[in-house]
>>> print(open('data38.cif').read())   # mmCIF, C-alpha atoms
data_my_file
loop_
_atom_site.label_atom_id
_atom_site.label_comp_id
_atom_site.auth_asym_id
_atom_site.auth_seq_id
_atom_site.Cartn_x
_atom_site.Cartn_y
_atom_site.Cartn_z
CA MET X 30 -1.62 18.63 11.07
CA LYS X 31 -0.06 20.37 8.11
CA LYS X 32 3.27 21.06 9.78
CA ILE X 33 3.48 17.63 11.34
CA ARG X 34 2.72 15.81 8.16
CA ALA X 35 5.44 17.77 6.40
CA ILE X 36 7.90 16.67 9.04
CA ALA X 37 6.69 13.11 8.70
CA LEU X 38 7.31 13.22 4.99
CA VAL X 39 10.80 14.50 5.58
CA GLY X 40 11.12 11.55 7.83
CA ALA X 41 9.49 9.29 5.38
CA VAL X 42 11.73 10.56 2.81
CA ALA X 43 15.12 12.01 3.46
CA LEU X 44 18.48 12.21 2.02
CA VAL X 45 22.07 12.22 2.19
CA ALA X 46 25.04 12.38 0.15
CA THR X 47 25.81 13.41 -3.32
CA GLY X 48 29.15 12.50 -3.78
CA CYS X 49 31.92 10.96 -5.36
CA SER X 50 29.72 9.80 -8.08
CA SER X 51 30.46 8.77 -11.58
CA GLY X 52 28.20 7.02 -14.08
CA GLY X 53 24.85 5.46 -13.29
CA GLY X 54 26.41 2.03 -13.33
CA GLY X 55 29.06 3.02 -10.86
CA GLY X 56 31.93 3.77 -13.27
CA ASP X 57 35.16 3.33 -11.34
CA ALA X 58 33.33 2.81 -8.05
CA SER X 59 35.10 0.37 -5.77
CA GLY X 60 34.63 -1.06 -2.32
CA ASP X 61 38.30 -0.22 -1.76
CA GLY X 62 38.13 3.42 -2.86
CA THR X 63 38.96 6.09 -0.29
CA GLY X 64 38.76 9.86 -0.46
CA PRO X 65 36.22 12.67 -0.22
CA ILE X 66 32.51 11.92 -0.27
CA ASP X 67 29.36 14.04 -0.24
CA VAL X 68 26.19 13.28 1.71
CA TRP X 69 22.61 14.59 1.63
CA LEU X 70 20.75 15.20 4.85
CA SER X 71 17.06 15.54 5.55
CA ASN X 72 15.89 19.13 5.68
CA ASN X 73 14.59 18.55 9.19
CA GLU X 74 16.32 21.28 11.19
CA GLN X 75 17.37 19.00 14.03
CA GLU X 76 18.76 16.36 11.68
CA VAL X 77 20.76 18.96 9.79
CA GLU X 78 22.29 20.05 13.10
CA TRP X 79 23.12 16.42 13.91
CA GLY X 80 24.59 15.80 10.45
CA LYS X 81 26.82 18.86 10.58
CA ALA X 82 28.16 17.86 14.00
CA VAL X 83 28.94 14.29 12.90
CA VAL X 84 30.60 15.49 9.69
CA GLU X 85 32.69 18.04 11.59
CA ALA X 86 33.87 15.37 14.03
CA TRP X 87 34.79 13.00 11.18
CA ASN X 88 36.58 15.64 9.13
CA ALA X 89 38.73 16.66 12.10
CA GLU X 90 40.16 13.12 12.16
CA HIS X 91 40.15 12.34 8.42
CA PRO X 92 41.61 15.29 6.46
CA ASP X 93 42.12 13.13 3.35
CA GLU X 94 38.60 11.66 3.39
CA LYS X 95 36.47 14.72 3.93
CA VAL X 96 32.71 14.46 3.99
CA THR X 97 30.62 17.28 2.59
CA ALA X 98 26.99 17.39 3.73
CA GLN X 99 24.10 19.13 2.06
CA GLU X 100 20.33 19.00 2.28
CA ILE X 101 18.37 17.32 -0.47
CA PRO X 102 17.52 19.87 -3.16
CA ALA X 103 14.32 21.75 -2.41
CA GLY X 104 11.21 21.19 -4.43
CA SER X 105 11.27 17.41 -4.86
CA SER X 106 10.45 14.44 -2.69
CA SER X 107 13.51 12.50 -1.72
CA GLU X 108 12.35 9.43 -3.66
CA GLU X 109 12.01 11.45 -6.84
CA ALA X 110 15.34 13.19 -6.33
CA ILE X 111 17.20 9.97 -5.57
CA THR X 112 15.62 8.03 -8.42
CA ALA X 113 16.55 10.80 -10.83
CA ALA X 114 20.10 10.92 -9.47
CA ILE X 115 20.50 7.16 -9.94
CA THR X 116 19.34 7.46 -13.52
CA ALA X 117 21.69 10.37 -14.20
CA GLY X 118 24.64 8.72 -12.49
CA THR X 119 24.90 11.54 -9.97
CA ALA X 120 23.59 9.70 -6.92
CA PRO X 121 25.24 10.36 -3.58
CA CYS X 122 27.48 7.99 -1.67
CA LEU X 123 25.04 7.79 1.22
CA VAL X 124 21.45 8.84 1.81
CA TYR X 125 20.16 9.19 5.36
CA ASN X 126 16.43 8.78 5.97
CA VAL X 127 15.78 6.35 3.14
CA ALA X 128 12.22 5.05 3.26
CA PRO X 129 12.44 1.23 3.30
CA ALA X 130 9.50 1.11 0.88
CA ALA X 131 11.68 2.67 -1.81
CA VAL X 132 14.66 0.33 -1.46
CA SER X 133 13.40 -2.53 -3.63
CA GLY X 134 12.89 -0.20 -6.57
CA TRP X 135 16.40 1.21 -6.29
CA VAL X 136 17.89 -2.28 -6.02
CA LYS X 137 16.04 -3.19 -9.21
CA GLN X 138 17.37 0.00 -10.79
CA GLY X 139 20.92 -1.06 -9.92
CA GLY X 140 21.46 1.98 -7.77
CA LEU X 141 22.34 0.52 -4.34
CA VAL X 142 25.44 -1.15 -2.95
CA ASP X 143 24.97 -4.45 -1.11
CA LEU X 144 26.30 -3.52 2.32
CA SER X 145 26.71 -7.21 3.10
CA THR X 146 29.69 -7.19 0.72
CA MET X 147 31.50 -4.54 2.75
CA GLU X 148 34.03 -5.73 5.34
CA GLY X 149 32.03 -6.86 8.38
CA GLY X 150 28.87 -5.44 6.80
CA SER X 151 26.19 -7.93 7.83
CA ASP X 152 27.75 -8.43 11.28
CA TYR X 153 27.77 -4.70 11.98
CA ILE X 154 24.17 -4.22 10.88
CA THR X 155 22.83 -7.13 12.92
CA GLU X 156 24.93 -6.48 16.01
CA ARG X 157 23.78 -2.86 16.11
CA GLY X 158 20.14 -3.44 15.25
CA GLY X 159 19.32 -6.93 16.49
CA ASP X 160 16.52 -8.68 14.61
CA VAL X 161 16.62 -6.72 11.34
CA ASP X 162 16.13 -9.55 8.85
CA ALA X 163 12.97 -7.84 7.57
CA TYR X 164 15.19 -5.13 6.08
CA ALA X 165 17.18 -7.59 3.99
CA SER X 166 16.48 -8.25 0.30
CA ASP X 167 17.15 -11.87 -0.65
CA GLY X 168 19.50 -12.16 2.30
CA SER X 169 21.48 -9.01 1.48
CA PHE X 170 21.38 -5.65 3.20
CA TYR X 171 20.98 -2.75 0.79
CA GLN X 172 20.06 -0.56 3.73
CA LEU X 173 21.20 -0.10 7.30
CA PRO X 174 18.12 0.30 9.55
CA TRP X 175 18.95 3.61 11.18
CA LYS X 176 16.15 5.09 13.27
CA SER X 177 12.49 4.55 14.02
CA ASN X 178 9.56 6.76 14.92
CA PRO X 179 7.01 4.35 16.43
CA VAL X 180 3.51 5.59 15.63
CA MET X 181 1.31 6.23 18.66
CA VAL X 182 -1.80 8.26 19.39
CA MET X 183 -0.82 11.80 20.39
CA TYR X 184 -3.56 13.75 22.12
CA ASN X 185 -4.31 17.20 23.52
CA LYS X 186 -4.73 16.79 27.27
CA ALA X 187 -6.78 19.98 27.66
CA LEU X 188 -9.31 18.88 25.03
CA PHE X 189 -9.57 15.47 26.65
CA GLN X 190 -10.24 17.08 30.01
CA ALA X 191 -12.94 19.30 28.52
CA ALA X 192 -14.62 16.23 26.99
CA GLY X 193 -14.68 14.42 30.32
CA ILE X 194 -11.81 12.07 29.50
CA ASP X 195 -9.07 11.52 32.06
CA PRO X 196 -5.96 12.85 30.25
CA GLU X 197 -3.63 10.79 32.44
CA ASP X 198 -5.52 7.54 31.89
CA PRO X 199 -7.84 7.84 28.87
CA GLN X 200 -8.90 4.17 28.83
CA MET X 201 -9.23 4.13 25.03
CA ASN X 202 -7.41 0.90 24.22
CA THR X 203 -10.37 -0.82 22.52
CA HIS X 204 -12.01 0.22 19.27
CA GLU X 205 -15.34 0.59 21.08
CA ALA X 206 -13.94 2.83 23.81
CA PHE X 207 -11.92 4.87 21.31
CA LEU X 208 -15.03 5.54 19.26
CA GLU X 209 -17.19 6.32 22.27
CA LYS X 210 -14.76 8.91 23.60
CA SER X 211 -14.15 10.32 20.13
CA ARG X 212 -17.87 11.05 19.95
CA ALA X 213 -17.62 12.79 23.33
CA ILE X 214 -14.76 14.95 22.00
CA VAL X 215 -16.79 16.12 19.01
CA ASP X 216 -19.87 16.63 21.19
CA SER X 217 -17.77 18.92 23.39
CA GLY X 218 -17.28 21.26 20.42
CA VAL X 219 -13.98 20.15 18.88
CA GLN X 220 -14.13 19.98 15.09
CA SER X 221 -12.62 16.48 14.89
CA ALA X 222 -11.62 13.73 17.26
CA ILE X 223 -8.70 12.57 15.14
CA TRP X 224 -7.66 13.95 11.76
CA PRO X 225 -5.58 11.60 9.61
CA ALA X 226 -4.48 13.20 6.35
CA PRO X 227 -7.13 12.17 3.78
CA THR X 228 -4.80 12.81 0.84
CA SER X 229 -3.76 10.23 -1.71
CA GLU X 230 0.03 9.89 -1.28
CA PHE X 231 1.30 6.30 -1.16
CA TYR X 232 2.68 6.70 2.38
CA GLN X 233 -0.51 7.97 4.04
CA PRO X 234 -1.69 4.46 5.08
CA TRP X 235 1.28 4.41 7.45
CA PHE X 236 -0.53 7.05 9.53
CA ASP X 237 -4.07 5.68 9.59
CA PHE X 238 -4.83 2.10 8.51
CA TYR X 239 -1.47 0.37 8.82
CA PRO X 240 -0.56 1.01 12.49
CA LEU X 241 -3.94 -0.31 13.60
CA TYR X 242 -3.70 -3.26 11.21
CA LEU X 243 -0.31 -4.21 12.62
CA ALA X 244 -1.76 -3.91 16.13
CA GLU X 245 -4.79 -6.03 15.26
CA THR X 246 -2.64 -8.80 13.72
CA ASP X 247 0.36 -8.69 16.08
CA GLY X 248 2.61 -7.49 13.30
CA THR X 249 1.32 -9.04 10.06
CA MET X 250 2.70 -6.88 7.25
CA LEU X 251 0.86 -5.72 4.16
CA VAL X 252 2.44 -8.53 2.12
CA GLU X 253 3.80 -11.82 3.42
CA ASP X 254 4.99 -14.81 1.40
CA GLY X 255 4.34 -12.88 -1.79
CA LYS X 256 0.64 -12.27 -1.09
CA ALA X 257 -1.36 -9.37 0.32
CA THR X 258 -2.72 -10.14 3.78
CA ILE X 259 -5.35 -7.43 4.14
CA ASP X 260 -8.41 -9.22 2.72
CA SER X 261 -9.09 -10.76 6.11
CA ASP X 262 -11.21 -10.36 9.24
CA ALA X 263 -8.54 -8.14 10.76
CA GLY X 264 -8.34 -5.96 7.67
CA ARG X 265 -12.11 -5.63 7.64
CA THR X 266 -12.23 -4.76 11.33
CA VAL X 267 -9.69 -1.95 10.96
CA ALA X 268 -11.27 -0.60 7.77
CA GLU X 269 -14.71 -0.51 9.36
CA PHE X 270 -13.28 1.23 12.43
CA TRP X 271 -11.86 4.05 10.30
CA SER X 272 -14.95 4.16 8.10
CA THR X 273 -17.04 4.92 11.17
CA PHE X 274 -14.95 8.03 11.86
CA TYR X 275 -15.72 9.41 8.42
CA THR X 276 -19.39 8.42 8.25
CA GLU X 277 -20.05 9.91 11.71
CA LYS X 278 -17.93 12.96 10.86
CA LEU X 279 -15.56 12.35 13.73
CA SER X 280 -12.74 12.79 11.18
CA PRO X 281 -12.91 15.21 8.21
CA ASN X 282 -12.42 13.80 4.72
CA GLU X 283 -10.68 16.99 3.61
CA ALA X 284 -7.17 18.16 4.41
CA SER X 285 -6.55 20.63 7.20
CA THR X 286 -5.56 24.11 6.08
CA ASP X 287 -3.34 24.59 9.14
CA ASP X 288 -1.75 22.59 11.93
CA ALA X 289 -4.90 21.11 13.41
CA MET X 290 -3.30 20.11 16.70
CA SER X 291 -1.92 23.59 17.35
CA ALA X 292 -5.17 25.19 16.16
CA GLY X 293 -7.20 22.99 18.51
CA THR X 294 -9.37 21.69 15.68
CA THR X 295 -8.45 18.10 16.42
CA ALA X 296 -7.85 16.35 19.71
CA MET X 297 -5.70 13.50 18.37
CA GLN X 298 -3.37 12.45 15.60
CA LEU X 299 -1.20 9.45 14.84
CA ALA X 300 2.42 10.51 15.15
CA GLY X 301 5.92 9.50 16.13
CA PRO X 302 8.37 11.21 18.48
CA TRP X 303 9.32 13.62 15.69
CA ALA X 304 6.09 15.46 16.52
CA ILE X 305 6.95 16.29 20.13
CA PRO X 306 9.13 19.38 19.50
CA SER X 307 6.43 20.94 17.33
CA TYR X 308 4.09 21.23 20.32
CA ALA X 309 6.51 21.83 23.15
CA GLU X 310 5.38 25.45 23.47
CA THR X 311 1.77 25.21 22.33
CA VAL X 312 0.01 21.99 23.37
CA ASP X 313 0.22 19.81 26.48
CA VAL X 314 0.31 16.42 24.77
CA GLY X 315 -0.08 12.88 25.97
CA PHE X 316 0.54 9.56 24.24
CA MET X 317 -1.14 6.17 24.17
CA PRO X 318 -0.81 3.02 22.07
CA VAL X 319 -3.05 2.57 19.05
CA PRO X 320 -6.28 0.74 19.88
CA THR X 321 -7.23 -2.83 19.03
CA SER X 322 -10.62 -4.50 18.90
CA ASP X 323 -9.91 -6.39 22.13
CA GLY X 324 -7.75 -3.84 23.95
CA ARG X 325 -4.63 -5.98 24.13
CA GLU X 326 -1.60 -4.79 26.02
CA ASN X 327 1.57 -3.69 24.24
CA PRO X 328 0.14 -3.73 20.69
CA THR X 329 2.46 -3.70 17.71
CA THR X 330 2.57 -0.50 15.66
CA PHE X 331 4.22 0.89 12.55
CA ALA X 332 7.92 1.57 13.10
CA ASP X 333 8.10 4.41 10.55
CA SER X 334 11.77 3.55 10.31
CA LYS X 335 14.33 5.19 8.09
CA SER X 336 17.50 3.63 6.75
CA VAL X 337 20.83 4.65 5.31
CA SER X 338 21.82 3.32 1.90
CA MET X 339 25.00 3.51 -0.17
CA PHE X 340 24.76 4.17 -3.90
CA THR X 341 26.63 2.42 -6.67
CA ALA X 342 27.70 5.72 -8.26
CA CYS X 343 29.91 6.35 -5.21
CA GLU X 344 33.60 6.04 -6.11
CA ASN X 345 35.02 6.02 -2.59
CA GLN X 346 32.92 3.26 -1.11
CA ALA X 347 35.45 2.26 1.56
CA THR X 348 35.32 5.77 3.00
CA ALA X 349 31.54 5.79 2.74
CA TRP X 350 31.34 2.52 4.69
CA GLU X 351 33.67 3.79 7.39
CA PHE X 352 31.70 7.01 7.70
CA LEU X 353 28.44 5.07 7.83
CA GLN X 354 29.74 3.11 10.82
CA PHE X 355 31.07 6.31 12.44
CA SER X 356 27.70 8.04 12.02
CA THR X 357 25.77 5.11 13.54
CA SER X 358 28.07 4.42 16.51
CA VAL X 359 26.80 4.47 20.10
CA GLU X 360 28.05 8.04 20.44
CA SER X 361 26.59 9.30 17.14
CA ASP X 362 23.27 7.57 17.81
CA GLY X 363 23.20 9.21 21.23
CA GLN X 364 23.67 12.60 19.57
CA LEU X 365 20.85 11.80 17.15
CA LEU X 366 18.55 10.94 20.03
CA GLU X 367 19.55 14.06 21.96
CA LEU X 368 19.06 16.44 19.03
CA THR X 369 16.01 14.92 17.31
CA GLY X 370 14.21 12.69 19.80
CA GLN X 371 14.08 9.94 17.17
CA MET X 372 14.87 6.39 18.22
CA PRO X 373 18.13 4.84 16.96
CA MET X 374 17.46 1.28 15.85
CA ARG X 375 19.84 -0.50 18.17
CA THR X 376 19.53 -3.08 20.90
CA ASP X 377 18.89 -2.05 24.54
CA LEU X 378 17.88 1.49 23.65
CA THR X 379 16.62 2.51 27.08
CA GLY X 380 19.57 0.94 28.85
CA THR X 381 22.16 2.49 26.55
CA TYR X 382 20.70 5.98 26.89
CA SER X 383 19.12 5.81 30.33
CA ASP X 384 20.21 9.34 31.26
CA TYR X 385 18.44 10.79 28.23
CA PHE X 386 15.14 9.08 28.95
CA GLU X 387 15.27 10.04 32.61
CA ALA X 388 15.68 13.67 31.58
CA ASN X 389 13.08 13.47 28.77
CA PRO X 390 10.10 11.50 30.08
CA ASN X 391 7.88 12.38 27.10
CA TYR X 392 10.02 10.10 24.95
CA VAL X 393 9.90 7.07 27.22
CA ALA X 394 6.60 5.85 25.77
CA PHE X 395 8.13 5.82 22.29
CA ALA X 396 11.26 4.03 23.46
CA GLU X 397 9.09 1.34 25.04
CA GLN X 398 6.86 1.18 21.96
CA ALA X 399 9.97 0.71 19.80
CA GLU X 400 10.18 -2.81 21.22
CA ALA X 401 6.85 -3.70 19.54
CA THR X 402 6.95 -2.49 15.95
CA ALA X 403 6.80 -3.79 12.41
CA ASP X 404 7.63 -2.08 9.16
CA VAL X 405 6.74 -2.11 5.50
CA PRO X 406 7.55 -5.36 3.69
CA SER X 407 10.53 -5.53 1.35
CA ILE X 408 8.70 -6.30 -1.89
CA PRO X 409 8.93 -5.55 -5.61
CA ASN X 410 7.04 -2.44 -6.73
CA SER X 411 6.60 -1.38 -3.15
CA VAL X 412 5.60 2.22 -3.76
CA GLU X 413 3.15 1.15 -6.48
CA ALA X 414 1.63 -1.46 -4.15
CA TRP X 415 1.07 1.10 -1.40
CA GLN X 416 -0.41 3.53 -3.93
CA ALA X 417 -2.84 0.86 -5.13
CA PHE X 418 -3.84 0.24 -1.53
CA ARG X 419 -4.31 3.94 -0.83
CA ASP X 420 -6.45 4.53 -3.88
CA GLU X 421 -8.85 1.72 -2.95
CA TYR X 422 -8.85 2.69 0.76
CA SER X 423 -9.66 6.30 -0.04
CA ALA X 424 -12.59 5.37 -2.27
CA ALA X 425 -14.15 3.02 0.28
CA VAL X 426 -13.18 4.27 3.73
CA ILE X 427 -12.65 8.02 3.39
CA PHE X 428 -15.21 8.83 0.70
CA GLY X 429 -17.64 5.88 0.92
CA LYS X 430 -17.77 5.30 -2.84
CA GLU X 431 -17.36 1.51 -2.63
CA SER X 432 -17.87 -1.21 -0.06
CA ILE X 433 -15.26 -2.31 2.46
CA ASP X 434 -15.37 -5.83 1.04
CA ASP X 435 -14.74 -4.57 -2.50
CA PHE X 436 -11.90 -2.36 -1.28
CA LEU X 437 -10.12 -5.23 0.45
CA LYS X 438 -10.64 -7.64 -2.45
CA ASN X 439 -9.58 -5.16 -5.14
CA ALA X 440 -6.60 -3.83 -3.21
CA ALA X 441 -5.32 -7.32 -2.45
CA SER X 442 -5.67 -8.36 -6.10
CA LYS X 443 -3.80 -5.31 -7.37
CA ILE X 444 -1.05 -5.71 -4.79
CA ASP X 445 -0.62 -9.40 -5.63
CA GLU X 446 -0.17 -8.52 -9.31
CA LEU X 447 2.40 -5.83 -8.55
CA VAL X 448 4.40 -8.01 -6.19
CA ALA X 449 4.47 -10.86 -8.69
CA GLU X 450 6.01 -8.74 -11.46
#
>>> encode(input="data38.cif", output="structure tokens")
Amino acid sequence: MKKIRAIALVGAVALVATGCSSGGGGGDASGDGTGPIDVWLSNNEQEVEWGKAVVEAWNAEHPDEKVTAQEIPAGSSSEEAITAAITAGTAPCLVYNVAPAAVSGWVKQGGLVDLSTMEGGSDYITERGGDVDAYASDGSFYQLPWKSNPVMVMYNKALFQAAGIDPEDPQMNTHEAFLEKSRAIVDSGVQSAIWPAPTSEFYQPWFDFYPLYLAETDGTMLVEDGKATIDSDAGRTVAEFWSTFYTEKLSPNEASTDDAMSAGTTAMQLAGPWAIPSYAETVDVGFMPVPTSDGRENPTTFADSKSVSMFTACENQATAWEFLQFSTSVESDGQLLELTGQMPMRTDLTGTYSDYFEANPNYVAFAEQAEATADVPSIPNSVEAWQAFRDEYSAAVIFGKESIDDFLKNAASKIDELVAE
């Protein structure tokens, strides 16, 4: 899973524009300013190709408002790079692939433009994306919800077949059935049934605990109404489910040294559509929704969405806003889907791009799943809250050093304190 997780992080963390920046407080930045801008793009190869094509099309029509695209500088996470750029006053005009979890911190830092103040801003965001209120901060949009990668269970059909599981209809929608067939997979000689990354980064819960928690609760987020929700029966059920995988050694509590799916050392992983191209030539993969205790139909999962934000250091904000709309139009979103397989966050996705999904049936499951997703909450100290959760989860669930009850109680208490600051 090494390669996939790296791609996920690029997704979880991406970038866009450096440009037209002045001081950290915005300097002469203006919503009326027009002229050249710079943008940073994720270093995902397919997204770079998409970004270059969109920029080329824009520049051909706007010679006086040229956009220059570059990848985020190598060697840093996008959050670190963007936070540092805000502090230094060198932030880009736009960043594509912003992790929603990072937005609240940048708003607090004074680094983001309220897109609701741009001409037609809120109307454009809601008309394109539909019900996107969860991405607003105090009623204002500091991010445009751009694309989602609904998390599902990806599995190796050949390994399922060898374990006596029907790869076309695995029947693993309940926790009990999922565990039973995971045991069969390991008994058949596969090193692990499913191999979530056991590392400590704040975003790792999005690829183990959180999708199943959203499914179990029909979309209850980590924090609602200013309080953590996880110290509950549903939180306990999901934590005990994952704990069983580690105690029975169905999942390793150490990181894979290679791409476990390609190597055949795991039969399953939690992934979004970004993972499909990685296995096109090596593994015959299938997809199924994450399980729930009662096997409900159409469970909610983690959207793993990414946004686009505009930064206050940008001088030519009017151009940046126009380019943002150009790059998220029906045509540009269709190019994004075609080149990356990631789901634009717009209404009637399957109807708008019916030809694509007919030609690419592997992506249909994700398009359908995109209708039942939830995301991270927009809360103060979001990254710190997720890190507090991960630290407690790791100790209890992955390494068995504390009880599930203590984990849920301690994590909820720490999160409540962070959110209240």
>>> residues_around(input="data38.cif", residues="range 437-439 of chain X", least_positions_apart="4", cutoff="12 Å", atoms="all atoms listed in the file", output="mmCIF file with C-alpha atoms, in the frame of the given file")
data_model
loop_
_atom_site.group_PDB
_atom_site.id
_atom_site.type_symbol
_atom_site.label_atom_id
_atom_site.label_comp_id
_atom_site.auth_asym_id
_atom_site.auth_seq_id
_atom_site.Cartn_x
_atom_site.Cartn_y
_atom_site.Cartn_z
ATOM 1 C CA LEU X 251 0.860 -5.720 4.160
ATOM 2 C CA ALA X 257 -1.360 -9.370 0.320
ATOM 3 C CA THR X 258 -2.720 -10.140 3.780
ATOM 4 C CA ILE X 259 -5.350 -7.430 4.140
ATOM 5 C CA ASP X 260 -8.410 -9.220 2.720
ATOM 6 C CA SER X 261 -9.090 -10.760 6.110
ATOM 7 C CA ASP X 262 -11.210 -10.360 9.240
ATOM 8 C CA ALA X 263 -8.540 -8.140 10.760
ATOM 9 C CA GLY X 264 -8.340 -5.960 7.670
ATOM 10 C CA ARG X 265 -12.110 -5.630 7.640
ATOM 11 C CA THR X 266 -12.230 -4.760 11.330
ATOM 12 C CA VAL X 267 -9.690 -1.950 10.960
ATOM 13 C CA ALA X 268 -11.270 -0.600 7.770
ATOM 14 C CA GLU X 269 -14.710 -0.510 9.360
ATOM 15 C CA ALA X 414 1.630 -1.460 -4.150
ATOM 16 C CA ALA X 417 -2.840 0.860 -5.130
ATOM 17 C CA PHE X 418 -3.840 0.240 -1.530
ATOM 18 C CA ARG X 419 -4.310 3.940 -0.830
ATOM 19 C CA ASP X 420 -6.450 4.530 -3.880
ATOM 20 C CA GLU X 421 -8.850 1.720 -2.950
ATOM 21 C CA TYR X 422 -8.850 2.690 0.760
ATOM 22 C CA SER X 423 -9.660 6.300 -0.040
ATOM 23 C CA ALA X 424 -12.590 5.370 -2.270
ATOM 24 C CA ALA X 425 -14.150 3.020 0.280
ATOM 25 C CA VAL X 426 -13.180 4.270 3.730
ATOM 26 C CA GLU X 431 -17.360 1.510 -2.630
ATOM 27 C CA SER X 432 -17.870 -1.210 -0.060
ATOM 28 C CA ILE X 433 -15.260 -2.310 2.460
ATOM 29 C CA LYS X 443 -3.800 -5.310 -7.370
ATOM 30 C CA ILE X 444 -1.050 -5.710 -4.790
ATOM 31 C CA ASP X 445 -0.620 -9.400 -5.630
ATOM 32 C CA GLU X 446 -0.170 -8.520 -9.310
#
>>> resolve_selection(input="data38.cif", expression="the PyMOL selection byres ((chain X and resi 230-245) around 6)", output="PDB file with C-alpha atoms, in the frame of the given file")
ATOM      1  CA  SER X 229      -3.760  10.230  -1.710  1.00  0.00           C
ATOM      2  CA  THR X 246      -2.640  -8.800  13.720  1.00  0.00           C
ATOM      3  CA  ASP X 247       0.360  -8.690  16.080  1.00  0.00           C
ATOM      4  CA  GLY X 248       2.610  -7.490  13.300  1.00  0.00           C
ATOM      5  CA  THR X 249       1.320  -9.040  10.060  1.00  0.00           C
ATOM      6  CA  LEU X 299      -1.200   9.450  14.840  1.00  0.00           C
ATOM      7  CA  THR X 321      -7.230  -2.830  19.030  1.00  0.00           C
ATOM      8  CA  PRO X 328       0.140  -3.730  20.690  1.00  0.00           C
ATOM      9  CA  THR X 329       2.460  -3.700  17.710  1.00  0.00           C
ATOM     10  CA  THR X 330       2.570  -0.500  15.660  1.00  0.00           C
ATOM     11  CA  PHE X 331       4.220   0.890  12.550  1.00  0.00           C
ATOM     12  CA  TRP X 415       1.070   1.100  -1.400  1.00  0.00           C
ATOM     13  CA  GLN X 416      -0.410   3.530  -3.930  1.00  0.00           C
TER      14      GLN X 416
END
>>> resolve_selection(input="data38.cif", expression="the PyMOL selection byres ((chain X and resi 83) around 10)", output="ChimeraX atom specification")
/X:77-82,84-88,96,98,352,355-357,360-361,364-365
>>> write_last_selection(input="data38.cif", atoms="C-alpha atoms", output="PDB file, in the coordinates of the input")
ATOM      1  CA  VAL X  77      20.760  18.960   9.790  1.00  0.00           C
ATOM      2  CA  GLU X  78      22.290  20.050  13.100  1.00  0.00           C
ATOM      3  CA  TRP X  79      23.120  16.420  13.910  1.00  0.00           C
ATOM      4  CA  GLY X  80      24.590  15.800  10.450  1.00  0.00           C
ATOM      5  CA  LYS X  81      26.820  18.860  10.580  1.00  0.00           C
ATOM      6  CA  ALA X  82      28.160  17.860  14.000  1.00  0.00           C
ATOM      7  CA  VAL X  84      30.600  15.490   9.690  1.00  0.00           C
ATOM      8  CA  GLU X  85      32.690  18.040  11.590  1.00  0.00           C
ATOM      9  CA  ALA X  86      33.870  15.370  14.030  1.00  0.00           C
ATOM     10  CA  TRP X  87      34.790  13.000  11.180  1.00  0.00           C
ATOM     11  CA  ASN X  88      36.580  15.640   9.130  1.00  0.00           C
ATOM     12  CA  VAL X  96      32.710  14.460   3.990  1.00  0.00           C
ATOM     13  CA  ALA X  98      26.990  17.390   3.730  1.00  0.00           C
ATOM     14  CA  PHE X 352      31.700   7.010   7.700  1.00  0.00           C
ATOM     15  CA  PHE X 355      31.070   6.310  12.440  1.00  0.00           C
ATOM     16  CA  SER X 356      27.700   8.040  12.020  1.00  0.00           C
ATOM     17  CA  THR X 357      25.770   5.110  13.540  1.00  0.00           C
ATOM     18  CA  GLU X 360      28.050   8.040  20.440  1.00  0.00           C
ATOM     19  CA  SER X 361      26.590   9.300  17.140  1.00  0.00           C
ATOM     20  CA  GLN X 364      23.670  12.600  19.570  1.00  0.00           C
ATOM     21  CA  LEU X 365      20.850  11.800  17.150  1.00  0.00           C
TER      22      LEU X 365
END
>>> closest_residue(input="data38.cif", among="X:Thr348, X:Glu253, X:Val393, X:Ile111", to="Ser407 in chain X", atoms="all atoms listed in the file")
X:Glu253
>>> residues_near_point(input="data38.cif", point="(17.8, -9.8, 20.1)", cutoff="8 Å", atoms="all atoms listed in the file", output="ChimeraX atom specification")
/X:159-160,376
>>> resolve_selection(input="data38.cif", expression="the PyMOL selection byres ((chain X and resi 334) around 8)", output="list in words")
Ala41, Ala128, Pro129, Pro174, Trp175, Lys176, Ser177, Asn178, Pro179, Ala332, Asp333, Lys335, Ser336 and Asp404 of chain X
>>> write_last_selection(input="data38.cif", atoms="C-alpha atoms", output="PDB file, keeping the file's coordinate frame")
ATOM      1  CA  ALA X  41       9.490   9.290   5.380  1.00  0.00           C
ATOM      2  CA  ALA X 128      12.220   5.050   3.260  1.00  0.00           C
ATOM      3  CA  PRO X 129      12.440   1.230   3.300  1.00  0.00           C
ATOM      4  CA  PRO X 174      18.120   0.300   9.550  1.00  0.00           C
ATOM      5  CA  TRP X 175      18.950   3.610  11.180  1.00  0.00           C
ATOM      6  CA  LYS X 176      16.150   5.090  13.270  1.00  0.00           C
ATOM      7  CA  SER X 177      12.490   4.550  14.020  1.00  0.00           C
ATOM      8  CA  ASN X 178       9.560   6.760  14.920  1.00  0.00           C
ATOM      9  CA  PRO X 179       7.010   4.350  16.430  1.00  0.00           C
ATOM     10  CA  ALA X 332       7.920   1.570  13.100  1.00  0.00           C
ATOM     11  CA  ASP X 333       8.100   4.410  10.550  1.00  0.00           C
ATOM     12  CA  LYS X 335      14.330   5.190   8.090  1.00  0.00           C
ATOM     13  CA  SER X 336      17.500   3.630   6.750  1.00  0.00           C
ATOM     14  CA  ASP X 404       7.630  -2.080   9.160  1.00  0.00           C
TER      15      ASP X 404
END
